[in-house]
file start_39.cif (mmCIF, C-alpha atoms)
data_run
loop_
_atom_site.label_atom_id
_atom_site.label_comp_id
_atom_site.auth_asym_id
_atom_site.auth_seq_id
_atom_site.Cartn_x
_atom_site.Cartn_y
_atom_site.Cartn_z
CA MET A 1 -38.45 -104.75 69.56
CA ALA A 2 -41.81 -106.49 69.88
CA ASN A 3 -43.01 -108.69 67.03
CA TYR A 4 -46.41 -107.83 65.61
CA ASP A 5 -48.65 -109.60 63.12
CA VAL A 6 -48.95 -106.40 61.06
CA ASP A 7 -47.35 -103.00 60.95
CA LEU A 8 -50.71 -101.26 60.51
CA PHE A 9 -54.26 -102.33 61.26
CA VAL A 10 -56.95 -100.06 59.86
CA ILE A 11 -60.46 -100.12 61.32
CA GLY A 12 -62.91 -98.80 58.75
CA GLY A 13 -63.00 -99.26 54.98
CA GLY A 14 -64.17 -95.79 54.00
CA SER A 15 -62.27 -93.33 51.86
CA GLY A 16 -59.81 -92.26 54.56
CA GLY A 17 -59.07 -95.75 55.83
CA VAL A 18 -58.66 -97.25 52.37
CA ARG A 19 -56.31 -94.47 51.27
CA ALA A 20 -54.17 -94.87 54.38
CA ALA A 21 -54.03 -98.66 53.99
CA ARG A 22 -53.01 -98.54 50.33
CA VAL A 23 -50.39 -95.82 50.83
CA ALA A 24 -48.89 -97.57 53.86
CA ALA A 25 -48.67 -100.81 51.88
CA SER A 26 -46.97 -98.98 49.02
CA HIS A 27 -44.28 -97.92 51.50
CA GLY A 28 -43.66 -101.56 52.37
CA ALA A 29 -45.78 -101.87 55.50
CA ARG A 30 -47.68 -105.05 56.32
CA VAL A 31 -51.27 -103.83 56.42
CA ALA A 32 -54.65 -105.30 57.36
CA ILE A 33 -58.04 -103.61 57.27
CA ALA A 34 -61.38 -104.50 58.87
CA GLU A 35 -64.77 -103.36 57.57
CA GLN A 36 -68.01 -104.93 58.75
CA ALA A 37 -70.28 -103.19 56.23
CA ASN A 38 -69.40 -101.82 52.79
CA PHE A 39 -66.03 -100.73 51.48
CA GLY A 40 -66.10 -97.14 50.36
CA GLY A 41 -67.81 -96.10 53.57
CA THR A 42 -70.61 -93.56 53.89
CA CYS A 43 -69.54 -91.50 50.89
CA VAL A 44 -69.75 -94.29 48.35
CA ASN A 45 -72.63 -96.26 49.84
CA ARG A 46 -74.89 -93.90 51.79
CA GLY A 47 -73.62 -90.40 51.08
CA CYS A 48 -71.91 -88.29 48.45
CA VAL A 49 -72.07 -90.63 45.48
CA PRO A 50 -75.66 -91.97 45.62
CA LYS A 51 -76.87 -88.55 46.77
CA LYS A 52 -75.31 -86.85 43.75
CA LEU A 53 -76.93 -89.42 41.46
CA LEU A 54 -80.31 -88.60 43.00
CA VAL A 55 -79.58 -84.88 42.64
CA TYR A 56 -78.92 -85.39 38.93
CA ALA A 57 -82.22 -87.25 38.60
CA SER A 58 -84.15 -84.50 40.39
CA ARG A 59 -82.90 -81.78 38.04
CA PHE A 60 -84.26 -83.30 34.84
CA PRO A 61 -87.72 -81.67 35.21
CA ASP A 62 -86.06 -78.24 35.13
CA GLN A 63 -84.13 -79.28 32.04
CA PHE A 64 -87.26 -80.59 30.36
CA ARG A 65 -89.05 -77.30 31.00
CA ALA A 66 -86.10 -75.22 29.83
CA SER A 67 -85.68 -77.29 26.66
CA ARG A 68 -88.88 -75.86 25.17
CA ALA A 69 -87.33 -72.40 25.01
CA TYR A 70 -84.47 -73.94 23.06
CA GLY A 71 -86.78 -75.44 20.45
CA TRP A 72 -87.17 -78.95 21.81
CA GLN A 73 -90.57 -80.60 21.82
CA GLN A 74 -91.22 -83.79 23.77
CA GLN A 75 -93.93 -85.89 25.32
CA ASP A 76 -94.49 -85.71 29.06
CA ALA A 77 -91.67 -87.62 30.73
CA GLN A 78 -92.46 -90.34 33.25
CA PHE A 79 -90.27 -90.94 36.31
CA ASP A 80 -89.67 -94.43 37.76
CA TRP A 81 -88.19 -94.39 41.28
CA ALA A 82 -87.54 -98.15 41.30
CA SER A 83 -85.52 -97.90 38.10
CA LEU A 84 -83.39 -95.09 39.52
CA ILE A 85 -82.68 -97.02 42.72
CA THR A 86 -81.79 -100.17 40.78
CA HIS A 87 -79.33 -98.28 38.59
CA LYS A 88 -77.94 -96.51 41.66
CA ASP A 89 -77.38 -99.83 43.46
CA THR A 90 -75.61 -101.27 40.43
CA GLU A 91 -73.24 -98.32 40.32
CA ILE A 92 -72.55 -98.45 44.06
CA SER A 93 -71.76 -102.17 43.83
CA ARG A 94 -69.33 -101.45 41.01
CA LEU A 95 -67.55 -98.78 43.04
CA GLU A 96 -67.37 -100.92 46.17
CA ALA A 97 -65.79 -103.72 44.16
CA ILE A 98 -63.16 -101.27 42.91
CA TYR A 99 -62.31 -100.28 46.48
CA GLN A 100 -61.82 -103.91 47.47
CA ARG A 101 -59.86 -104.74 44.33
CA ASN A 102 -57.49 -101.82 44.89
CA LEU A 103 -56.83 -102.99 48.43
CA VAL A 104 -56.08 -106.53 47.33
CA ASN A 105 -53.83 -105.30 44.52
CA SER A 106 -51.94 -103.20 47.06
CA GLY A 107 -51.28 -106.25 49.22
CA VAL A 108 -53.63 -105.28 52.05
CA VAL A 109 -55.26 -108.16 53.97
CA ILE A 110 -59.02 -107.68 54.19
CA HIS A 111 -61.18 -108.74 57.14
CA ALA A 112 -64.89 -108.32 56.39
CA GLU A 113 -65.90 -108.06 60.04
CA GLN A 114 -65.86 -105.76 63.07
CA ALA A 115 -62.56 -105.21 64.86
CA THR A 116 -62.39 -104.26 68.53
CA PHE A 117 -59.41 -103.23 70.67
CA GLU A 118 -58.40 -105.54 73.48
CA ASP A 119 -55.45 -103.30 74.34
CA ALA A 120 -53.39 -100.64 72.59
CA ASN A 121 -51.73 -103.16 70.25
CA THR A 122 -54.20 -106.05 70.08
CA LEU A 123 -57.44 -106.29 68.12
CA ARG A 124 -60.06 -108.99 68.13
CA LEU A 125 -62.19 -109.78 65.06
CA ALA A 126 -65.83 -110.23 65.99
CA THR A 127 -66.88 -113.01 63.60
CA SER A 128 -63.79 -115.19 63.35
CA GLY A 129 -62.59 -114.52 66.89
CA GLN A 130 -59.08 -114.02 65.51
CA ARG A 131 -56.65 -111.84 67.45
CA VAL A 132 -54.31 -109.57 65.51
CA THR A 133 -51.43 -107.64 67.01
CA ALA A 134 -50.46 -104.37 65.34
CA ARG A 135 -47.56 -102.01 65.78
CA TYR A 136 -49.88 -99.16 64.82
CA SER A 137 -53.63 -98.89 64.41
CA LEU A 138 -55.69 -96.36 62.51
CA ILE A 139 -59.33 -95.69 63.36
CA ALA A 140 -61.29 -94.49 60.32
CA THR A 141 -64.84 -95.50 61.14
CA GLY A 142 -66.54 -92.27 60.08
CA GLY A 143 -69.88 -91.16 61.46
CA TYR A 144 -73.54 -92.13 61.54
CA PRO A 145 -76.81 -90.17 61.45
CA HIS A 146 -77.97 -88.78 64.78
CA ARG A 147 -81.46 -89.98 65.63
CA ALA A 148 -83.28 -87.91 68.24
CA VAL A 149 -85.46 -89.88 70.66
CA PHE A 150 -89.06 -88.77 71.10
CA PRO A 151 -92.44 -90.52 70.98
CA GLY A 152 -92.72 -92.17 67.57
CA SER A 153 -89.15 -91.42 66.51
CA GLU A 154 -88.83 -95.03 65.31
CA LEU A 155 -91.31 -94.16 62.55
CA ALA A 156 -88.84 -91.71 60.98
CA ILE A 157 -85.97 -92.47 58.62
CA THR A 158 -82.49 -90.98 58.22
CA SER A 159 -80.35 -90.42 55.16
CA ASP A 160 -79.17 -94.05 55.42
CA GLU A 161 -82.67 -95.37 54.73
CA ALA A 162 -83.58 -92.68 52.19
CA PHE A 163 -81.45 -94.38 49.55
CA HIS A 164 -83.45 -97.59 49.88
CA LEU A 165 -87.06 -96.43 50.06
CA PRO A 166 -89.22 -99.02 48.27
CA GLU A 167 -91.28 -96.27 46.68
CA LEU A 168 -91.21 -92.50 46.33
CA PRO A 169 -93.35 -90.88 49.05
CA GLY A 170 -96.03 -88.40 48.11
CA ARG A 171 -95.34 -86.14 51.10
CA VAL A 172 -92.12 -85.80 53.06
CA LEU A 173 -91.10 -83.73 56.07
CA ILE A 174 -87.35 -83.21 56.49
CA VAL A 175 -86.20 -82.28 59.98
CA GLY A 176 -83.03 -80.19 60.07
CA GLY A 177 -81.53 -77.33 58.12
CA GLY A 178 -78.01 -78.52 57.31
CA TYR A 179 -76.58 -79.44 53.95
CA ILE A 180 -77.98 -82.99 53.98
CA ALA A 181 -81.47 -81.62 54.68
CA VAL A 182 -81.46 -79.01 51.93
CA GLU A 183 -79.96 -81.45 49.43
CA PHE A 184 -82.66 -84.05 50.05
CA ALA A 185 -85.33 -81.34 50.00
CA GLY A 186 -84.19 -80.47 46.49
CA ILE A 187 -84.12 -84.13 45.49
CA PHE A 188 -87.63 -84.92 46.70
CA ALA A 189 -89.16 -81.66 45.44
CA GLY A 190 -87.52 -82.12 42.04
CA LEU A 191 -89.02 -85.60 41.79
CA GLY A 192 -92.50 -84.25 42.47
CA VAL A 193 -92.81 -84.94 46.19
CA GLN A 194 -94.68 -82.45 48.39
CA THR A 195 -91.72 -81.40 50.52
CA SER A 196 -91.33 -79.41 53.73
CA ILE A 197 -88.45 -78.66 56.09
CA MET A 198 -88.66 -78.12 59.86
CA ILE A 199 -85.83 -76.32 61.69
CA ARG A 200 -85.30 -75.16 65.26
CA GLY A 201 -83.84 -71.82 64.20
CA GLN A 202 -84.79 -69.17 61.69
CA GLN A 203 -82.35 -69.93 58.89
CA LEU A 204 -81.07 -72.84 56.83
CA LEU A 205 -77.39 -73.83 56.61
CA ARG A 206 -76.06 -72.55 59.91
CA GLY A 207 -72.32 -71.98 59.54
CA PHE A 208 -72.53 -71.00 55.87
CA ASP A 209 -72.53 -67.41 54.68
CA GLU A 210 -75.89 -65.91 55.59
CA ASP A 211 -76.54 -64.28 52.20
CA LEU A 212 -76.23 -67.66 50.46
CA ALA A 213 -78.46 -69.33 53.04
CA ARG A 214 -81.17 -66.69 52.69
CA LEU A 215 -81.17 -66.81 48.89
CA LEU A 216 -81.30 -70.60 48.90
CA ALA A 217 -84.35 -70.43 51.17
CA GLU A 218 -86.00 -68.06 48.67
CA HIS A 219 -85.32 -70.47 45.82
CA GLN A 220 -86.57 -73.46 47.76
CA THR A 221 -89.79 -71.63 48.62
CA ARG A 222 -90.23 -70.78 44.95
CA ARG A 223 -89.87 -74.48 44.16
CA GLY A 224 -92.72 -75.30 46.53
CA ILE A 225 -90.66 -76.42 49.52
CA ALA A 226 -92.39 -75.27 52.72
CA LEU A 227 -90.09 -74.05 55.49
CA HIS A 228 -91.33 -74.40 59.09
CA THR A 229 -89.02 -72.38 61.35
CA GLU A 230 -88.46 -72.19 65.11
CA GLN A 231 -90.03 -75.52 65.94
CA PHE A 232 -89.15 -79.15 66.50
CA ILE A 233 -90.97 -82.48 66.57
CA ARG A 234 -92.65 -83.56 69.78
CA GLN A 235 -94.33 -86.72 68.48
CA ILE A 236 -95.00 -88.83 65.40
CA GLU A 237 -98.09 -91.05 65.23
CA GLN A 238 -99.13 -93.55 62.58
CA THR A 239 -102.62 -92.82 61.28
CA ALA A 240 -104.76 -94.14 58.44
CA ASP A 241 -103.74 -91.11 56.38
CA GLY A 242 -100.02 -91.32 57.05
CA LEU A 243 -97.69 -90.01 59.74
CA ARG A 244 -99.14 -87.32 61.97
CA VAL A 245 -96.37 -85.00 63.21
CA SER A 246 -96.94 -82.77 66.23
CA SER A 247 -94.52 -79.87 66.60
CA SER A 248 -93.41 -77.77 69.56
CA THR A 249 -95.60 -74.88 68.36
CA GLY A 250 -98.76 -76.98 68.50
CA ALA A 251 -98.92 -77.28 64.71
CA THR A 252 -99.56 -80.68 63.13
CA TYR A 253 -98.50 -82.02 59.75
CA THR A 254 -99.55 -85.22 57.99
CA VAL A 255 -96.96 -86.76 55.67
CA ASP A 256 -95.92 -90.13 54.31
CA THR A 257 -92.28 -89.97 55.37
CA VAL A 258 -90.38 -88.09 58.08
CA MET A 259 -86.66 -87.83 57.46
CA LEU A 260 -84.34 -86.84 60.32
CA CYS A 261 -81.33 -84.80 59.19
CA THR A 262 -80.24 -83.49 62.57
CA GLY A 263 -76.53 -84.07 62.34
CA ARG A 264 -74.11 -86.98 62.51
CA LYS A 265 -72.12 -88.51 65.35
CA PRO A 266 -68.60 -89.98 65.37
CA ASN A 267 -68.85 -93.74 64.96
CA THR A 268 -66.93 -94.93 68.00
CA ARG A 269 -69.43 -97.62 68.92
CA ALA A 270 -68.11 -101.10 69.81
CA LEU A 271 -64.47 -100.24 69.12
CA GLY A 272 -63.16 -101.03 72.60
CA LEU A 273 -61.61 -97.58 72.97
CA GLU A 274 -61.75 -97.88 76.76
CA GLN A 275 -59.61 -101.03 76.72
CA ALA A 276 -57.07 -99.26 74.53
CA GLY A 277 -57.19 -96.08 76.61
CA VAL A 278 -58.12 -93.81 73.70
CA ALA A 279 -59.54 -90.43 74.75
CA VAL A 280 -62.70 -88.98 73.22
CA ASP A 281 -64.34 -85.59 73.70
CA ASP A 282 -67.81 -84.87 75.07
CA LYS A 283 -69.33 -85.56 71.63
CA GLY A 284 -67.65 -88.94 71.37
CA ALA A 285 -65.11 -87.79 68.77
CA ILE A 286 -61.62 -89.22 69.03
CA GLN A 287 -59.15 -86.55 70.10
CA VAL A 288 -56.05 -86.28 67.90
CA ASP A 289 -53.11 -83.94 67.40
CA ALA A 290 -52.03 -82.25 64.17
CA HIS A 291 -50.57 -85.57 62.98
CA SER A 292 -53.81 -87.53 63.66
CA ARG A 293 -52.28 -89.28 66.66
CA THR A 294 -54.43 -90.01 69.71
CA ASN A 295 -53.23 -89.91 73.31
CA ILE A 296 -52.04 -93.50 72.77
CA PRO A 297 -48.79 -93.37 70.70
CA SER A 298 -49.62 -96.48 68.67
CA ILE A 299 -53.16 -95.42 67.72
CA TYR A 300 -54.18 -92.80 65.16
CA ALA A 301 -57.52 -91.63 63.76
CA VAL A 302 -58.64 -89.78 60.61
CA GLY A 303 -61.87 -88.62 59.04
CA ASP A 304 -65.29 -87.96 60.52
CA VAL A 305 -64.59 -90.01 63.64
CA THR A 306 -62.32 -87.12 64.76
CA ASP A 307 -64.97 -84.47 63.97
CA ARG A 308 -62.46 -81.99 62.57
CA LEU A 309 -63.89 -81.21 59.13
CA ASN A 310 -66.28 -83.92 58.02
CA LEU A 311 -65.73 -84.15 54.28
CA THR A 312 -64.56 -87.13 52.24
CA PRO A 313 -61.62 -85.36 50.55
CA VAL A 314 -60.41 -84.23 53.97
CA ALA A 315 -60.46 -87.82 55.26
CA ILE A 316 -58.50 -88.90 52.19
CA ARG A 317 -55.88 -86.18 52.71
CA GLU A 318 -55.59 -87.06 56.39
CA GLY A 319 -55.19 -90.75 55.57
CA GLN A 320 -52.57 -90.01 52.93
CA ALA A 321 -50.63 -87.72 55.28
CA PHE A 322 -50.72 -90.26 58.10
CA ALA A 323 -49.37 -93.10 55.95
CA ASP A 324 -46.75 -90.99 54.17
CA GLN A 325 -45.37 -89.58 57.38
CA LEU A 326 -45.39 -92.75 59.47
CA PHE A 327 -44.31 -95.31 56.88
CA GLY A 328 -42.73 -93.27 54.11
CA GLN A 329 -40.94 -90.65 56.19
CA ILE A 330 -42.47 -88.08 53.83
CA THR A 331 -43.45 -84.68 55.19
CA PRO A 332 -47.08 -84.30 54.15
CA LEU A 333 -48.52 -81.25 52.42
CA GLU A 334 -50.03 -78.84 54.91
CA LEU A 335 -53.80 -79.00 55.10
CA ASP A 336 -55.48 -75.67 55.83
CA TYR A 337 -58.93 -76.62 57.10
CA GLU A 338 -60.19 -73.06 56.58
CA LEU A 339 -59.53 -73.16 52.84
CA VAL A 340 -61.17 -76.48 51.99
CA PRO A 341 -63.66 -75.95 49.13
CA THR A 342 -67.16 -77.01 50.09
CA ALA A 343 -70.25 -77.64 47.97
CA VAL A 344 -73.89 -78.07 48.88
CA PHE A 345 -75.69 -79.91 46.08
CA SER A 346 -79.00 -78.25 46.66
CA THR A 347 -80.95 -76.86 43.70
CA PRO A 348 -79.50 -74.38 42.96
CA GLU A 349 -76.19 -75.49 44.42
CA LEU A 350 -73.69 -73.69 46.62
CA GLY A 351 -69.92 -73.49 46.38
CA THR A 352 -67.86 -71.85 49.09
CA VAL A 353 -64.20 -71.38 50.02
CA GLY A 354 -62.75 -69.56 53.02
CA LEU A 355 -64.31 -67.38 55.68
CA THR A 356 -67.94 -66.32 55.84
CA GLU A 357 -68.66 -62.61 56.19
CA ALA A 358 -69.41 -63.02 59.89
CA GLN A 359 -66.11 -64.86 60.46
CA ALA A 360 -64.15 -62.34 58.41
CA ARG A 361 -65.57 -59.34 60.31
CA GLU A 362 -64.75 -61.01 63.61
CA ARG A 363 -61.11 -61.58 62.68
CA PHE A 364 -60.22 -58.71 60.34
CA PRO A 365 -60.93 -55.06 61.25
CA ASP A 366 -61.09 -53.76 57.68
CA ILE A 367 -62.73 -55.90 55.03
CA ARG A 368 -64.41 -55.17 51.72
CA VAL A 369 -67.47 -57.09 50.52
CA LEU A 370 -68.17 -57.38 46.80
CA GLN A 371 -71.43 -58.96 45.72
CA THR A 372 -73.56 -59.48 42.64
CA ARG A 373 -76.83 -61.22 41.96
CA PHE A 374 -78.15 -61.97 38.49
CA ARG A 375 -79.89 -64.49 36.26
CA ALA A 376 -77.57 -66.59 34.13
CA MET A 377 -78.09 -66.50 30.38
CA THR A 378 -79.31 -70.11 30.19
CA GLN A 379 -81.90 -69.45 32.91
CA ALA A 380 -83.07 -66.06 31.67
CA PHE A 381 -83.55 -67.39 28.13
CA ALA A 382 -85.70 -70.25 29.46
CA GLY A 383 -87.77 -67.98 31.66
CA SER A 384 -86.45 -69.36 34.95
CA GLU A 385 -86.41 -67.16 38.03
CA ASP A 386 -83.32 -68.89 39.43
CA GLN A 387 -80.50 -66.52 40.26
CA VAL A 388 -76.75 -66.60 40.72
CA LEU A 389 -75.14 -65.01 43.78
CA MET A 390 -71.43 -64.23 43.97
CA LYS A 391 -69.82 -62.78 47.07
CA VAL A 392 -66.15 -61.99 47.65
CA LEU A 393 -64.59 -60.98 50.98
CA ILE A 394 -61.32 -59.04 50.88
CA ASP A 395 -58.91 -57.90 53.59
CA ASN A 396 -58.35 -54.26 52.61
CA PRO A 397 -54.83 -53.73 54.03
CA THR A 398 -53.37 -56.75 52.22
CA ASP A 399 -55.87 -57.14 49.32
CA ARG A 400 -55.96 -60.87 50.16
CA VAL A 401 -59.17 -62.70 49.32
CA LEU A 402 -60.57 -64.19 52.54
CA GLY A 403 -63.61 -65.99 51.17
CA VAL A 404 -65.67 -66.58 48.05
CA HIS A 405 -69.29 -67.72 48.25
CA LEU A 406 -71.38 -68.77 45.27
CA LEU A 407 -74.92 -69.92 44.58
CA GLY A 408 -76.13 -71.03 41.17
CA GLU A 409 -75.98 -73.72 38.54
CA GLY A 410 -72.57 -75.40 38.37
CA VAL A 411 -70.86 -73.27 41.00
CA ALA A 412 -69.44 -76.30 42.83
CA GLU A 413 -67.06 -76.80 39.90
CA MET A 414 -66.00 -73.15 40.20
CA ALA A 415 -65.36 -73.49 43.93
CA GLN A 416 -62.74 -76.19 43.37
CA LEU A 417 -60.53 -73.90 41.29
CA ILE A 418 -61.19 -70.87 43.48
CA GLY A 419 -59.83 -73.03 46.28
CA VAL A 420 -56.54 -73.25 44.37
CA ALA A 421 -56.36 -69.46 44.16
CA LEU A 422 -57.10 -68.90 47.84
CA THR A 423 -54.68 -71.63 48.90
CA ALA A 424 -52.04 -69.71 46.93
CA SER A 425 -52.95 -66.57 48.96
CA ALA A 426 -54.41 -64.79 45.93
CA ARG A 427 -55.11 -61.10 46.18
CA TRP A 428 -58.17 -59.47 44.69
CA GLN A 429 -55.83 -57.79 42.22
CA ASP A 430 -54.93 -61.29 40.93
CA PHE A 431 -58.59 -62.02 40.28
CA ARG A 432 -59.05 -58.66 38.56
CA ARG A 433 -55.95 -59.16 36.38
CA THR A 434 -57.40 -62.44 35.09
CA VAL A 435 -59.12 -62.03 31.73
CA ALA A 436 -62.79 -62.97 31.74
CA LEU A 437 -63.99 -66.06 29.88
CA HIS A 438 -67.04 -64.99 27.90
CA PRO A 439 -69.86 -65.91 27.88
CA SER A 440 -69.85 -67.72 31.21
CA ILE A 441 -71.12 -67.39 34.74
CA ALA A 442 -67.57 -67.48 36.05
CA GLU A 443 -66.57 -64.29 34.22
CA GLU A 444 -68.77 -62.29 36.59
CA LEU A 445 -66.42 -63.21 39.42
CA VAL A 446 -63.35 -61.53 37.89
CA THR A 447 -65.28 -58.48 36.66
CA LEU A 448 -66.82 -57.61 40.05
CA ARG A 449 -66.31 -54.00 41.06
CA GLY A 450 -66.76 -52.17 44.31
#
call {"tool": "encode", "arguments": {"input": "start_39.cif", "output": "structure tokens"}}
result
Amino acid sequence: MANYDVDLFVIGGGSGGVRAARVAASHGARVAIAEQANFGGTCVNRGCVPKKLLVYASRFPDQFRASRAYGWQQQDAQFDWASLITHKDTEISRLEAIYQRNLVNSGVVIHAEQATFEDANTLRLATSGQRVTARYSLIATGGYPHRAVFPGSELAITSDEAFHLPELPGRVLIVGGGYIAVEFAGIFAGLGVQTSIMIRGQQLLRGFDEDLARLLAEHQTRRGIALHTEQFIRQIEQTADGLRVSSSTGATYTVDTVMLCTGRKPNTRALGLEQAGVAVDDKGAIQVDAHSRTNIPSIYAVGDVTDRLNLTPVAIREGQAFADQLFGQITPLELDYELVPTAVFSTPELGTVGLTEAQARERFPDIRVLQTRFRAMTQAFAGSEDQVLMKVLIDNPTDRVLGVHLLGEGVAEMAQLIGVALTASARWQDFRRTVALHPSIAEELVTLRG
């Protein structure tokens, strides 16, 4: 048997790579990891965590307004963008340090530099020039924001730069209608920015249930977010008054910041995949089997770089399963990608589990759709027009719940536990047998009739 420097070399210090490295080390493997940027990856540094902190900040104006109905009197609050970003950076630094400390405590050797394949079992470290041989390698390099190329595209930012803006813009145009776009639209609008969204199609959140997407668009319009549909940017020009955006319809918009949220790409840049012989698809995603193994037996990949389901908890589960199976001889828990709970932290937020109505009708000949729309007690009392939408999809012959889709305050927390029920193949009868918790938003879900 060949001698290797390590049993496992992980490229990428995000959530999936770190979990795999720590678990493999706990099974007795000799593990090294390379990360040229920040440990914790996109989620901790440029994604889920800082975004959620900004979402929290953007919702305070609603809370201030609502508080008056509950008897609170206060002076006009003042918002300081620089203070928020400073506190955010402090928290992100704390979390990154925890990621590194946990790796060290697990016995993983850290290389704070880029690693590139020289062949299927040899990696070269870019800064030190060191060569490391590995019995197995795991690629967990995530993704990066797609940046369309057009005249003036260099004047736009992506979500990466949005977390480090030196000051809050007065006017922002967000290009794209996915979850990152609608989340940042809510953030900027909540913080008082004149906000607009431009999309190529007619509807936000393609791939989500259409009823949720339509109601979210209504709420965003009510909050002053302008939606420009069926158009795309042709050019951005710097003018004395800001950025002049010319669209495919001939319309022009003048804003301070243009933010591109037009998808993400698998981060396979500068990895030397060709030298290792690793196959990628036409989008650049690494092709893997059900066990996260590539076409090269010694090389595996997990997380967004495989473009299966690009969510942090999924990358963590894939990393855990990989390490348990390869180094612990433990059969991993089955991961059903169709039943992964998903949240969109827009305002109001979305929580969804399972099939959309369109998907359910395509695959099941006889389904039942239950739906309700109402104002929650806390919103109605404060005079808010925000609504809650609940939608349940049921396969009539078996009574199995195929999907649950929610919009409203706090529904992301509900979606997590609904995911447990659907993973356990719950029937609608099981929901109906559950006693309602009153008064709550969630009780409406188990009292739905139809």
call {"tool": "residues_around", "arguments": {"input": "start_39.cif", "residues": "Asp80 of chain A", "least_positions_apart": "3", "cutoff": "12 Å", "atoms": "all atoms listed in the file", "output": "ChimeraX atom specification"}}
result
/A:57-58,77,83-87,166-168,191-192
call {"tool": "resolve_selection", "arguments": {"input": "start_39.cif", "expression": "the PyMOL selection byres ((chain A and resi 417) around 12)", "output": "PyMOL selection string"}}
result
chain A and resi 339-342+351-353+404+411-416+418-424+426+442
call {"tool": "residues_around", "arguments": {"input": "start_39.cif", "residues": "Lys51 of chain A", "least_positions_apart": "3", "cutoff": "12 Å", "atoms": "all atoms listed in the file", "output": "MDAnalysis selection string"}}
result
chainID A and resid 42:48 54:58 84:85 88:89 92 159:164 179:188 344:346
call {"tool": "residues_near_point", "arguments": {"input": "start_39.cif", "point": "(-65.7, -95.1, 47.2)", "cutoff": "12 Å", "atoms": "only C-alpha atoms", "output": "ChimeraX atom specification"}}
result
/A:13-19,38-50,91-103,312-313,316
call {"tool": "write_last_selection", "arguments": {"input": "start_39.cif", "atoms": "C-alpha atoms", "output": "PDB file, in the coordinates of the input"}}
result
ATOM      1  CA  GLY A  13     -63.000 -99.260  54.980  1.00  0.00           C
ATOM      2  CA  GLY A  14     -64.170 -95.790  54.000  1.00  0.00           C
ATOM      3  CA  SER A  15     -62.270 -93.330  51.860  1.00  0.00           C
ATOM      4  CA  GLY A  16     -59.810 -92.260  54.560  1.00  0.00           C
ATOM      5  CA  GLY A  17     -59.070 -95.750  55.830  1.00  0.00           C
ATOM      6  CA  VAL A  18     -58.660 -97.250  52.370  1.00  0.00           C
ATOM      7  CA  ARG A  19     -56.310 -94.470  51.270  1.00  0.00           C
ATOM      8  CA  ASN A  38     -69.400-101.820  52.790  1.00  0.00           C
ATOM      9  CA  PHE A  39     -66.030-100.730  51.480  1.00  0.00           C
ATOM     10  CA  GLY A  40     -66.100 -97.140  50.360  1.00  0.00           C
ATOM     11  CA  GLY A  41     -67.810 -96.100  53.570  1.00  0.00           C
ATOM     12  CA  THR A  42     -70.610 -93.560  53.890  1.00  0.00           C
ATOM     13  CA  CYS A  43     -69.540 -91.500  50.890  1.00  0.00           C
ATOM     14  CA  VAL A  44     -69.750 -94.290  48.350  1.00  0.00           C
ATOM     15  CA  ASN A  45     -72.630 -96.260  49.840  1.00  0.00           C
ATOM     16  CA  ARG A  46     -74.890 -93.900  51.790  1.00  0.00           C
ATOM     17  CA  GLY A  47     -73.620 -90.400  51.080  1.00  0.00           C
ATOM     18  CA  CYS A  48     -71.910 -88.290  48.450  1.00  0.00           C
ATOM     19  CA  VAL A  49     -72.070 -90.630  45.480  1.00  0.00           C
ATOM     20  CA  PRO A  50     -75.660 -91.970  45.620  1.00  0.00           C
ATOM     21  CA  GLU A  91     -73.240 -98.320  40.320  1.00  0.00           C
ATOM     22  CA  ILE A  92     -72.550 -98.450  44.060  1.00  0.00           C
ATOM     23  CA  SER A  93     -71.760-102.170  43.830  1.00  0.00           C
ATOM     24  CA  ARG A  94     -69.330-101.450  41.010  1.00  0.00           C
ATOM     25  CA  LEU A  95     -67.550 -98.780  43.040  1.00  0.00           C
ATOM     26  CA  GLU A  96     -67.370-100.920  46.170  1.00  0.00           C
ATOM     27  CA  ALA A  97     -65.790-103.720  44.160  1.00  0.00           C
ATOM     28  CA  ILE A  98     -63.160-101.270  42.910  1.00  0.00           C
ATOM     29  CA  TYR A  99     -62.310-100.280  46.480  1.00  0.00           C
ATOM     30  CA  GLN A 100     -61.820-103.910  47.470  1.00  0.00           C
ATOM     31  CA  ARG A 101     -59.860-104.740  44.330  1.00  0.00           C
ATOM     32  CA  ASN A 102     -57.490-101.820  44.890  1.00  0.00           C
ATOM     33  CA  LEU A 103     -56.830-102.990  48.430  1.00  0.00           C
ATOM     34  CA  THR A 312     -64.560 -87.130  52.240  1.00  0.00           C
ATOM     35  CA  PRO A 313     -61.620 -85.360  50.550  1.00  0.00           C
ATOM     36  CA  ILE A 316     -58.500 -88.900  52.190  1.00  0.00           C
TER      37      ILE A 316
END
call {"tool": "residues_around", "arguments": {"input": "start_39.cif", "residues": "Asp256 of chain A", "least_positions_apart": "2", "cutoff": "8 Å", "atoms": "only C-alpha atoms", "output": "list in words"}}
result
Pro169, Gly170, Arg171, Val172, Gly242, Leu243, Thr254 and Val258 of chain A
call {"tool": "residues_around", "arguments": {"input": "start_39.cif", "residues": "Arg449 of chain A", "least_positions_apart": "5", "cutoff": "12 Å", "atoms": "only C-alpha atoms", "output": "JSON, numbers by chain"}}
result
{"A": [368, 369, 370, 371, 372, 390, 391, 392, 428, 429, 431, 432, 444]}
call {"tool": "closest_residue", "arguments": {"input": "start_39.cif", "among": "A:Asp62, A:Asp307, A:Asp119, A:Asp5", "to": "Gly272 of chain A", "atoms": "only C-alpha atoms"}}
result
A:Asp119
